[in-house]
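Engineer: Sharing a structure, written as structure tokens. Questions coming.
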Amino acid sequence: LYGSGSGAIVWSRKYASGANGAKAGYNAVAFNGKSDITGQTLANGIYVYKIISGNKEIGKGYMVIYE
């Protein structure tokens, strides 16, 4: 998850192949709204996410955080 203003990574997870979060098809991943880097709650804004398998980007999108 990349910050809306800075473009810096604020949240990241890695999953082993076949594990929950890395299965073929639908996956749900828990997100508590806090930065892995600072531990603080993320500010309102638009965040970019990317799904990477191996070294290849296989998906991306946007997440809006609004409290």
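The way I read the labels, and the way they are meant: chains A, B, ... in the order of the structure tokens, residue 1 as the first residue of every chain, and ligand 1 as the first ligand shown, with later ones counted on from there.
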For region 22-33 of chain A, find every residue with an atom within 12 Å (counting only C-alpha atoms), except residues of its own chain fewer than 3 positions away, and show them as a JSON list (two decimals) with N, CA and C atoms, in the first residue's frame.
Structural biologist:
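out-v9.json written:
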```
[["chain", "number", "residue", "atom", "x", "y", "z"],
["A", 1, "LEU", "N", 0.87, -1.16, 0.00],
["A", 1, "LEU", "CA", 0.00, 0.00, 0.00],
["A", 1, "LEU", "C", 0.90, 1.22, 0.00],
["A", 10, "VAL", "N", 3.52, 2.20, 2.87],
["A", 10, "VAL", "CA", 3.05, 2.36, 4.25],
["A", 10, "VAL", "C", 2.56, 1.05, 4.84],
["A", 11, "TRP", "N", 2.31, 0.03, 4.00],
["A", 11, "TRP", "CA", 1.82, -1.26, 4.48],
["A", 11, "TRP", "C", 2.19, -2.33, 3.48],
["A", 12, "SER", "N", 2.68, -3.46, 3.96],
["A", 12, "SER", "CA", 3.11, -4.53, 3.07],
["A", 12, "SER", "C", 2.92, -5.88, 3.75],
["A", 13, "ARG", "N", 2.56, -6.90, 2.96],
["A", 13, "ARG", "CA", 2.45, -8.26, 3.46],
["A", 13, "ARG", "C", 3.00, -9.22, 2.42],
["A", 14, "LYS", "N", 3.58, -10.32, 2.89],
["A", 14, "LYS", "CA", 4.05, -11.39, 2.02],
["A", 14, "LYS", "C", 3.37, -12.68, 2.46],
["A", 15, "TYR", "N", 2.93, -13.47, 1.48],
["A", 15, "TYR", "CA", 2.25, -14.73, 1.75],
["A", 15, "TYR", "C", 2.90, -15.84, 0.94],
["A", 16, "ALA", "N", 3.06, -17.00, 1.56],
["A", 16, "ALA", "CA", 3.60, -18.16, 0.86],
["A", 16, "ALA", "C", 2.57, -18.67, -0.14],
["A", 17, "SER", "N", 3.04, -19.18, -1.25],
["A", 17, "SER", "CA", 2.17, -19.71, -2.29],
["A", 17, "SER", "C", 1.20, -20.74, -1.72],
["A", 18, "GLY", "N", -0.08, -20.56, -2.00],
["A", 18, "GLY", "CA", -1.11, -21.48, -1.52],
["A", 18, "GLY", "C", -1.66, -21.14, -0.15],
["A", 19, "ALA", "N", -1.00, -20.26, 0.58],
["A", 19, "ALA", "CA", -1.47, -19.85, 1.91],
["A", 19, "ALA", "C", -2.63, -18.86, 1.75],
["A", 36, "ASP", "N", 2.62, -0.02, 8.68],
["A", 36, "ASP", "CA", 3.65, -0.93, 9.18],
["A", 36, "ASP", "C", 4.90, -0.17, 9.57],
["A", 38, "THR", "N", 5.22, 3.29, 10.65],
["A", 38, "THR", "CA", 5.13, 4.18, 11.81],
["A", 38, "THR", "C", 4.24, 3.64, 12.92],
["A", 39, "GLY", "N", 3.36, 2.70, 12.58],
["A", 39, "GLY", "CA", 2.40, 2.19, 13.57],
["A", 39, "GLY", "C", 1.21, 3.10, 13.77],
["A", 40, "GLN", "N", 1.19, 4.24, 13.08],
["A", 40, "GLN", "CA", 0.09, 5.19, 13.23],
["A", 40, "GLN", "C", -1.05, 4.87, 12.26],
["A", 41, "THR", "N", -2.26, 5.29, 12.64],
["A", 41, "THR", "CA", -3.41, 5.14, 11.77],
["A", 41, "THR", "C", -3.20, 5.98, 10.52],
["A", 42, "LEU", "N", -3.49, 5.41, 9.35],
["A", 42, "LEU", "CA", -3.31, 6.13, 8.10],
["A", 42, "LEU", "C", -4.31, 7.27, 7.98],
["A", 43, "ALA", "N", -3.88, 8.36, 7.39],
["A", 43, "ALA", "CA", -4.72, 9.54, 7.20],
["A", 43, "ALA", "C", -5.74, 9.29, 6.10],
["A", 44, "ASN", "N", -6.81, 10.08, 6.11],
["A", 44, "ASN", "CA", -7.77, 10.03, 5.03],
["A", 44, "ASN", "C", -7.05, 10.28, 3.71],
["A", 45, "GLY", "N", -7.45, 9.57, 2.68],
["A", 45, "GLY", "CA", -6.82, 9.78, 1.39],
["A", 45, "GLY", "C", -7.02, 8.60, 0.47],
["A", 47, "TYR", "N", -5.10, 5.63, -1.55],
["A", 47, "TYR", "CA", -3.88, 4.84, -1.50],
["A", 47, "TYR", "C", -3.87, 3.86, -2.66],
["A", 51, "ILE", "N", -0.47, -5.85, -6.36],
["A", 51, "ILE", "CA", -0.33, -7.27, -6.05],
["A", 51, "ILE", "C", 0.81, -7.78, -6.92],
["A", 52, "ILE", "N", 1.83, -8.31, -6.27],
["A", 52, "ILE", "CA", 3.03, -8.74, -6.98],
["A", 52, "ILE", "C", 3.25, -10.23, -6.72],
["A", 53, "SER", "N", 3.50, -10.98, -7.79],
["A", 53, "SER", "CA", 3.82, -12.40, -7.69],
["A", 53, "SER", "C", 5.15, -12.62, -8.37],
["A", 54, "GLY", "N", 6.10, -13.19, -7.63],
["A", 54, "GLY", "CA", 7.46, -13.27, -8.15],
["A", 54, "GLY", "C", 7.98, -11.85, -8.22],
["A", 63, "MET", "N", -7.45, 2.32, -2.91],
["A", 63, "MET", "CA", -8.24, 2.18, -1.70],
["A", 63, "MET", "C", -8.44, 3.58, -1.13],
["A", 64, "VAL", "N", -9.67, 3.88, -0.78],
["A", 64, "VAL", "CA", -9.98, 5.17, -0.17],
["A", 64, "VAL", "C", -10.16, 4.96, 1.32],
["A", 65, "ILE", "N", -9.44, 5.75, 2.10],
["A", 65, "ILE", "CA", -9.62, 5.73, 3.56],
["A", 65, "ILE", "C", -10.30, 7.03, 3.93],
["A", 66, "TYR", "N", -11.46, 6.89, 4.54],
["A", 66, "TYR", "CA", -12.24, 8.05, 4.94],
["A", 66, "TYR", "C", -12.88, 7.73, 6.26],
["A", 67, "GLU", "N", -12.59, 8.54, 7.26],
["A", 67, "GLU", "CA", -13.14, 8.27, 8.59],
["A", 67, "GLU", "C", -14.25, 9.22, 8.87]]
```
Engineer: Where in chain A does DSSP assign strand (DSSP E or B), given as a ChimeraX atom specification?
Structural biologist: /A:2,9,34,41,45-53,56-65
Engineer: Separation of CA of Lys56 (chain A) and CA of Asn20 (chain A), in Å?
Structural biologist: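 Distance between the two atoms: 19.6 Å.
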Engineer: To one decimal place in Å, what is the distance between CA of Tyr49 (chain A) and CA of Tyr62 (chain A)?
Structural biologist: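 According to the coordinates, CA of Tyr49 (chain A) and CA of Tyr62 (chain A) are separated by 5.9 Å.
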